[in-house]
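In what follows, a structure is listed as structure tokens, so that the remarks can point back to it.
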Amino acid sequence: MKSSKPHSLSTIQLIPVEKVAEADFPSRYGQFRICGFRLANGSAQDTAVVLIKGEPDPDKVPLVRIHSQCLTGDVFASLRCDCREQLEIALEQVGMSEYGFIIYEDKEGRGIGLMSKLKAYELQDEGVDTVEANVRLGYDADLRDYALPAGILQYYKVRAVRLLSNNPDKLRALETCGIKIEERVPIQAVPEQARARYLSTKKEKLGHLLQ
């Protein structure tokens with residue numbers, strides 16, 4: 001999927017960020033640099049870990065994954081969601097690329113936090129879907145805004161990306177900040193019956209671009 005027209009300079013929103021740490025990071029997916037970032041003047045929760053493959057270059061188009069923390073999926077291999085599989089796919093593809101970023105945000109449960117996410121699980125066990133559960137808890141369906149990932153890419157003078165995502169909100173957020181979507185690269189895990197309703201809700205209610 002190719003991008004729409006890039007925004008003019010007058011419409012670009014610049015996001016101030018701070019890099020707080022950087023180190024070498026060898027992994028089974030390849031050699032990365034690992035960095036910690038936070039929003040300038042943001043809250044303690046406005047943080048992200050970034051894995052960088054290759055040398056940042058404003059003339060190159062990196063492969064990028066923006067991934068929200070999911071303890072239940074990423075760490076405990078939950079089948080209620082596809083987060084771990086998406087993260088592993090992204091690590092493998094970015095690790096094989098010449099230049100890329102994995103931006104891992106502290107946005108558990110689409111931004112509602114871990115304890116609220118577990119309360120949402122309770123409601124889902126009673127029959128509601130993920131969107132309805134968040135609303136019953138007093139939240140929007142999705143609280144994420146992707147300002148920090150956009151600011152991190154601006155920090156490295158990234159002008160265009162190949163974005164590993166099914167979420168149109170991520171595409172819109174980057175384009176609003178002047179980052180062209182050169183290509184949307186689909187990222188889809190093997191279907192599991194335990195998350196069938198979760199995936200259909202993402203497609204039907206949140207507009208995710210799933211097959």
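Chain labels A, B, ... are given in the sequence in which chains occur in the structure tokens; within each chain residues are numbered consecutively from 1, and ligands are likewise numbered from 1 in the order shown.
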List as CSV every residue of range 80-177 of chain A that is in contact with range 45-53 of chain A, defined as an atom at most 9 Å from one of its atoms (using only C-alpha atoms), together with the nearest atom pair and the distance in Å rounded to one decimal, sorted by chain and then rising number.
residue,atom,partner,partner_atom,distance
A:Val94,CA,A:Lys53,CA,6.9
A:Gly95,CA,A:Lys53,CA,6.6
A:Met96,CA,A:Lys53,CA,8.7
A:Ser97,CA,A:Lys53,CA,7.4
A:Glu98,CA,A:Lys53,CA,6.8
A:Tyr99,CA,A:Lys53,CA,5.1
A:Gly100,CA,A:Lys53,CA,5.0
A:Phe101,CA,A:Ile52,CA,4.7
A:Ile102,CA,A:Leu51,CA,5.0
A:Ile103,CA,A:Val50,CA,4.6
A:Tyr104,CA,A:Val49,CA,5.1
A:Glu105,CA,A:Ala48,CA,4.4
A:Asp106,CA,A:Thr47,CA,6.0
A:Lys107,CA,A:Gln45,CA,8.2
A:Leu148,CA,A:Asp46,CA,7.3
A:Pro149,CA,A:Ala48,CA,7.9
A:Ile152,CA,A:Val50,CA,8.7
For Gly151 in chain A: contacts at 10 Å, only C-alpha atoms, fewer than 4 positions along chain excluded, given as a PDB file with C-alpha atoms, in the first residue's frame:
ATOM      1  CA  GLN A  13       3.792  18.848  13.937  1.00  0.00           C
ATOM      2  CA  LEU A  14       7.252  18.654  15.541  1.00  0.00           C
ATOM      3  CA  ILE A  15       7.375  16.448  18.652  1.00  0.00           C
ATOM      4  CA  PRO A  16      10.175  17.258  21.166  1.00  0.00           C
ATOM      5  CA  VAL A  17      11.776  14.100  22.593  1.00  0.00           C
ATOM      6  CA  GLU A  18      14.782  13.289  24.765  1.00  0.00           C
ATOM      7  CA  PHE A  37      13.409   7.870  24.765  1.00  0.00           C
ATOM      8  CA  ARG A  38      10.811  10.008  26.487  1.00  0.00           C
ATOM      9  CA  LEU A  39       8.621  12.912  25.510  1.00  0.00           C
ATOM     10  CA  ALA A  40      10.161  16.208  26.539  1.00  0.00           C
ATOM     11  CA  TYR A 146       1.732   7.802  18.644  1.00  0.00           C
ATOM     12  CA  ALA A 147       3.260  11.223  19.303  1.00  0.00           C
ATOM     13  CA  TYR A 155      14.857  12.929  15.931  1.00  0.00           C
ATOM     14  CA  TYR A 156      16.648  10.659  13.449  1.00  0.00           C
ATOM     15  CA  LYS A 157      15.527  12.845  10.511  1.00  0.00           C
ATOM     16  CA  VAL A 158      13.465  10.035   8.997  1.00  0.00           C
ATOM     17  CA  LEU A 174       3.166   9.657  11.161  1.00  0.00           C
ATOM     18  CA  CYS A 177       4.124  14.724  11.547  1.00  0.00           C
TER      19      CYS A 177
END
Rank nothing, just name the residue among A:Glu192, A:Asp169, A:Asp142, A:Glu55 nearest to Gly109 in chain A, using only C-alpha atoms.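 Result for the nearest residue to Gly109 in chain A: A:Asp142.
One distance worth recording is that between CA of Gln188 in chain A and CA of Gln124 in chain A, which is 22.6 Å.
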Which parts of range 116-192 of chain A does DSSP call strand (DSSP E or B) when run on the backbone here, written out as a ChimeraX atom specification? /A:160-164,180-185
Identify which of the residues A:Ala189, A:Ala141, A:Val161, A:Ala21 lies closest to Asp59 in chain A, counting only C-alpha atoms when measuring atom-to-atom distances.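 The closest residue to Asp59 in chain A is A:Val161.
If you look at CA of Val190 in chain A and CA of Thr72 in chain A, they are 17.8 Å away from each other.
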Would you please give, as a PyMOL selection string, all residues of range 2-209 of chain A that DSSP assigns to helix (DSSP H, G or I) based on the backbone? chain A and resi 9-11+71-75+83-96+108-111+114-125+130-136+147-155+168-176+193-206
When you draw a straight line from CA of Asn167 in chain A to CA of Arg33 in chain A, how long is it in Å? 26.0 Å
Near Glu108 in chain A, counting only C-alpha atoms, which residues have an atom at most 9 Å away, once you skip same-chain residues fewer than 6 positions from it, shown as a PDB file with C-alpha atoms, in the first residue's frame?
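Output below, filename selection-v5.pdb:
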ATOM      1  CA  SER A  68       2.714  -1.196  22.199  1.00  0.00           C
ATOM      2  CA  GLN A  69       3.815  -3.108  25.278  1.00  0.00           C
ATOM      3  CA  CYS A  70       1.752  -6.236  25.953  1.00  0.00           C
ATOM      4  CA  LEU A  71       2.960  -8.120  29.010  1.00  0.00           C
ATOM      5  CA  LEU A 114      -1.991  -3.377  32.900  1.00  0.00           C
ATOM      6  CA  LYS A 117      -6.427  -4.403  30.992  1.00  0.00           C
TER       7      LYS A 117
END
Considering only C-alpha atoms, return as a list in words whatever protein or nucleic-acid residues lie within 12 Å of Ala196 in chain A, sequence-local ones (same chain, fewer than 2 positions apart) excluded.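 Close residues of Ala196 in chain A: Leu79, Arg80, Cys81, Asp82, Asp129, Thr130, Ala189, Val190, Pro191, Glu192, Gln193, Ala194, Tyr198, Leu199, Ser200, Thr201, Lys202, Lys203 and Leu210 of chain A.
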Could you turn the residues from that selection into a file that holds C-alpha atoms, as an mmCIF file, in the first residue's frame?
data_model
loop_
_atom_site.group_PDB
_atom_site.id
_atom_site.type_symbol
_atom_site.label_atom_id
_atom_site.label_comp_id
_atom_site.auth_asym_id
_atom_site.auth_seq_id
_atom_site.Cartn_x
_atom_site.Cartn_y
_atom_site.Cartn_z
ATOM 1 C CA LEU A 79 -3.453 -16.420 22.770
ATOM 2 C CA ARG A 80 -6.054 -13.746 23.534
ATOM 3 C CA CYS A 81 -4.138 -11.378 21.236
ATOM 4 C CA ASP A 82 -1.603 -11.494 18.399
ATOM 5 C CA ASP A 129 -15.554 -7.471 23.097
ATOM 6 C CA THR A 130 -12.323 -5.532 23.664
ATOM 7 C CA ALA A 189 0.046 -13.819 12.612
ATOM 8 C CA VAL A 190 -1.306 -17.319 12.128
ATOM 9 C CA PRO A 191 -4.997 -17.307 13.185
ATOM 10 C CA GLU A 192 -5.897 -18.842 16.563
ATOM 11 C CA GLN A 193 -9.453 -19.656 17.626
ATOM 12 C CA ALA A 194 -8.816 -18.103 21.072
ATOM 13 C CA TYR A 198 -10.353 -10.058 19.220
ATOM 14 C CA LEU A 199 -9.167 -9.890 15.598
ATOM 15 C CA SER A 200 -12.650 -9.412 14.153
ATOM 16 C CA THR A 201 -13.238 -6.545 16.622
ATOM 17 C CA LYS A 202 -9.991 -4.869 15.539
ATOM 18 C CA LYS A 203 -11.081 -5.124 11.919
ATOM 19 C CA LEU A 210 -6.684 -7.391 8.341
#
